[in-house]
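Written below as structure tokens is the structure these notes are about.
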Amino acid sequence: MEETFSNLATYGYIGLFLYSLGGGFVALIGAGVLSFMGKMDLTASIAIAFFANALGDILLFYMARYQKSTMMEGIRKHRRKLALAHIMMKKYGSWIILIQKFIYGIKTLIPIAIGLTKYEFKKFAILNFLSAGVWALVFGIGSYYSGNFLIKLIEIIGNKPWIAPLILIIFGGILWLYLTQATKKKVK
């Protein structure tokens, strides 16, 4: 077990950076717990997750803005979800840039949807960096201070391994139901 923590502390920052490019809240929570245990540095973890998360969304925005044909090939199957992202942009305005960091399932679609519009890059970048900072602080500090609870939860799941798949199935099912209902064609 000690070797696992040593490897996580050594390679954890690289994994945190790579995982945070596309979302990364699970990796940031893990880094917060490891920081609570004294295996990683909380400030460095938050800074790495913040930078990678902001960079990832800017890359998605850039790809959608300047590589539309390539992006559209990759997201052809997700057109209805992309339409949902556009509706959310109209409904919430610039707030969606902050909100999307906390909603699993649409996190990568919002920067793509914004990149496909005429939204100003400078404004997106500023709001994206601010929201990435809030996101990193909330999950980083929250997981650090919840470290004891999360460690006990991991121990319970370790003793009863059937709980983890059950949680994933329930979470995945709720997410699937939401996205299915939100992107369903409305019959008039």
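Each chain in the structure tokens gets a letter, A, B and so on, in the order shown; residues start at 1 in every chain, and ligands are counted from 1 in the order they appear.
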
Which residues of range 35-62 of chain A come within 6 Å of range 16-19 of chain A, and what is each one's closest atom pair and distance in Å (one decimal), counting only C-alpha atoms, sorted by chain and residue number, as JSON lines?
{"residue": "A:Ile48", "atom": "CA", "partner": "A:Phe17", "partner_atom": "CA", "distance": 5.9}
{"residue": "A:Ala49", "atom": "CA", "partner": "A:Phe17", "partner_atom": "CA", "distance": 5.8}
{"residue": "A:Ala52", "atom": "CA", "partner": "A:Phe17", "partner_atom": "CA", "distance": 5.5}

Residues within 8 Å of range 104-112 of chain A, only C-alpha atoms, excluding chain neighbours under 2 positions, as a list in words =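 In the requested form, the answer reads Gly22, Gly23, Asp57, Ile58, Leu60, Phe61, Met63, Ala64, Arg65, Lys81, Leu82, Ala85, His86, Met89, Ile96, Ile97, Gln100, Lys101, Phe102, Ile114, Gly115, Leu116 and Leu175 of chain A.
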
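Shortest separation to Leu55 in chain A among A:Phe124, A:Phe129, A:Trp135, A:Trp162 occurs at residue A:Phe129, atoms counted being only C-alpha atoms.
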
Mind the document's chain letters and residue numbers, and return as a PDB file with C-alpha atoms, in the first residue's frame the residues of range 55-121 of chain A that DSSP labels helix (DSSP H, G or I).
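So the final result, stored in part-v9.pdb, reads:
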ATOM      1  CA  LEU A  55      -5.941  24.982 -20.917  1.00  0.00           C
ATOM      2  CA  GLY A  56      -8.151  22.035 -21.883  1.00  0.00           C
ATOM      3  CA  ASP A  57     -11.225  24.216 -22.356  1.00  0.00           C
ATOM      4  CA  ILE A  58      -9.260  26.802 -24.326  1.00  0.00           C
ATOM      5  CA  LEU A  59      -7.973  24.031 -26.606  1.00  0.00           C
ATOM      6  CA  LEU A  60     -11.542  22.774 -27.138  1.00  0.00           C
ATOM      7  CA  PHE A  61     -12.696  26.328 -27.921  1.00  0.00           C
ATOM      8  CA  TYR A  62      -9.799  26.821 -30.329  1.00  0.00           C
ATOM      9  CA  MET A  63     -10.392  23.500 -32.099  1.00  0.00           C
ATOM     10  CA  ALA A  64     -14.095  24.271 -32.503  1.00  0.00           C
ATOM     11  CA  ARG A  65     -13.388  27.786 -33.774  1.00  0.00           C
ATOM     12  CA  TYR A  66     -10.537  27.054 -36.191  1.00  0.00           C
ATOM     13  CA  LYS A  68     -14.643  23.099 -37.407  1.00  0.00           C
ATOM     14  CA  SER A  69     -14.638  20.369 -40.042  1.00  0.00           C
ATOM     15  CA  THR A  70     -12.400  18.112 -37.958  1.00  0.00           C
ATOM     16  CA  MET A  71     -14.392  18.769 -34.782  1.00  0.00           C
ATOM     17  CA  MET A  72     -17.741  18.209 -36.477  1.00  0.00           C
ATOM     18  CA  GLU A  73     -16.621  14.765 -37.672  1.00  0.00           C
ATOM     19  CA  GLY A  74     -15.759  13.817 -34.102  1.00  0.00           C
ATOM     20  CA  ARG A  76     -21.426  14.093 -35.260  1.00  0.00           C
ATOM     21  CA  LYS A  77     -23.045  11.533 -32.937  1.00  0.00           C
ATOM     22  CA  HIS A  78     -23.471  14.178 -30.240  1.00  0.00           C
ATOM     23  CA  ARG A  79     -25.335  16.824 -32.262  1.00  0.00           C
ATOM     24  CA  ARG A  80     -28.344  16.803 -29.929  1.00  0.00           C
ATOM     25  CA  LYS A  81     -26.125  17.258 -26.881  1.00  0.00           C
ATOM     26  CA  LEU A  82     -24.366  20.085 -28.695  1.00  0.00           C
ATOM     27  CA  ALA A  83     -27.773  21.651 -29.362  1.00  0.00           C
ATOM     28  CA  LEU A  84     -28.529  21.326 -25.635  1.00  0.00           C
ATOM     29  CA  ALA A  85     -25.268  23.148 -24.927  1.00  0.00           C
ATOM     30  CA  HIS A  86     -26.353  25.980 -27.271  1.00  0.00           C
ATOM     31  CA  ILE A  87     -29.709  26.214 -25.500  1.00  0.00           C
ATOM     32  CA  MET A  88     -27.942  26.356 -22.145  1.00  0.00           C
ATOM     33  CA  MET A  89     -25.704  29.148 -23.484  1.00  0.00           C
ATOM     34  CA  LYS A  90     -28.764  31.175 -24.483  1.00  0.00           C
ATOM     35  CA  LYS A  91     -30.505  30.488 -21.191  1.00  0.00           C
ATOM     36  CA  TYR A  92     -27.612  31.153 -18.803  1.00  0.00           C
ATOM     37  CA  TRP A  95     -22.635  31.980 -16.431  1.00  0.00           C
ATOM     38  CA  ILE A  96     -22.620  28.689 -18.317  1.00  0.00           C
ATOM     39  CA  ILE A  97     -18.819  28.908 -18.477  1.00  0.00           C
ATOM     40  CA  LEU A  98     -18.723  28.661 -14.675  1.00  0.00           C
ATOM     41  CA  ILE A  99     -21.612  26.240 -14.337  1.00  0.00           C
ATOM     42  CA  GLN A 100     -20.248  23.754 -16.898  1.00  0.00           C
ATOM     43  CA  LYS A 101     -17.166  23.024 -14.783  1.00  0.00           C
ATOM     44  CA  PHE A 102     -19.400  21.394 -12.187  1.00  0.00           C
ATOM     45  CA  LEU A 109     -19.482  20.230 -24.929  1.00  0.00           C
ATOM     46  CA  ILE A 110     -19.862  23.807 -23.669  1.00  0.00           C
ATOM     47  CA  PRO A 111     -16.422  25.070 -24.829  1.00  0.00           C
ATOM     48  CA  ILE A 112     -17.018  23.387 -28.199  1.00  0.00           C
ATOM     49  CA  ALA A 113     -20.475  24.956 -28.491  1.00  0.00           C
ATOM     50  CA  ILE A 114     -19.092  28.382 -27.556  1.00  0.00           C
ATOM     51  CA  GLY A 115     -16.230  27.960 -30.029  1.00  0.00           C
ATOM     52  CA  PHE A 121     -12.197  34.510 -27.430  1.00  0.00           C
TER      53      PHE A 121
END

Nearest to Gly133 in chain A by atom-to-atom distance, counting only C-alpha atoms, from A:Leu42, A:Ile14, A:Ala182, A:Ala54 |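 The shortest atom-to-atom distance to Gly133 in chain A comes from A:Ala54.
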
Shell of 8 Å around range 145-150 of chain A, only C-alpha atoms, local chain residues under 2 positions omitted, as a list of chain:residue names =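 Close residues of range 145-150 of chain A: A:Gly32, A:Val33, A:Phe36, A:Met37, A:Ile141, A:Gly142, A:Ser143, A:Lys152, A:Leu153, A:Ile154.
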
Using only C-alpha atoms, the shortest atom-to-atom distance to Ala31 in chain A among A:Gly93, A:Gly173, A:Gly158, A:Gly12 belongs to A:Gly12

Taking only C-alpha atoms into account, which of A:Phe25, A:Tyr119, A:Tyr178, A:Phe171 comes nearest Ile46 in chain A?
-> A:Phe25

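In this comparison, which uses only C-alpha atoms, the residue of A:Asp41, A:Asn53, A:Leu34, A:Pro165 approaching Ala136 in chain A most closely is A:Asn53.
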
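The space separating CA of Ile151 in chain A from CA of Ile29 in chain A comes to 11.3 Å.
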
Which residue, A:Asn128, A:Ser20, A:Gln181, A:Asn159, has the smallest gap to Ser94 in chain A when you use only C-alpha atoms?
-> A:Asn128

Can you tell me how far CA of Tyr144 in chain A sits from CA of Gly30 in chain A, in Å to one decimal?
->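 Separating CA of Tyr144 in chain A from CA of Gly30 in chain A is a distance of 9.0 Å.
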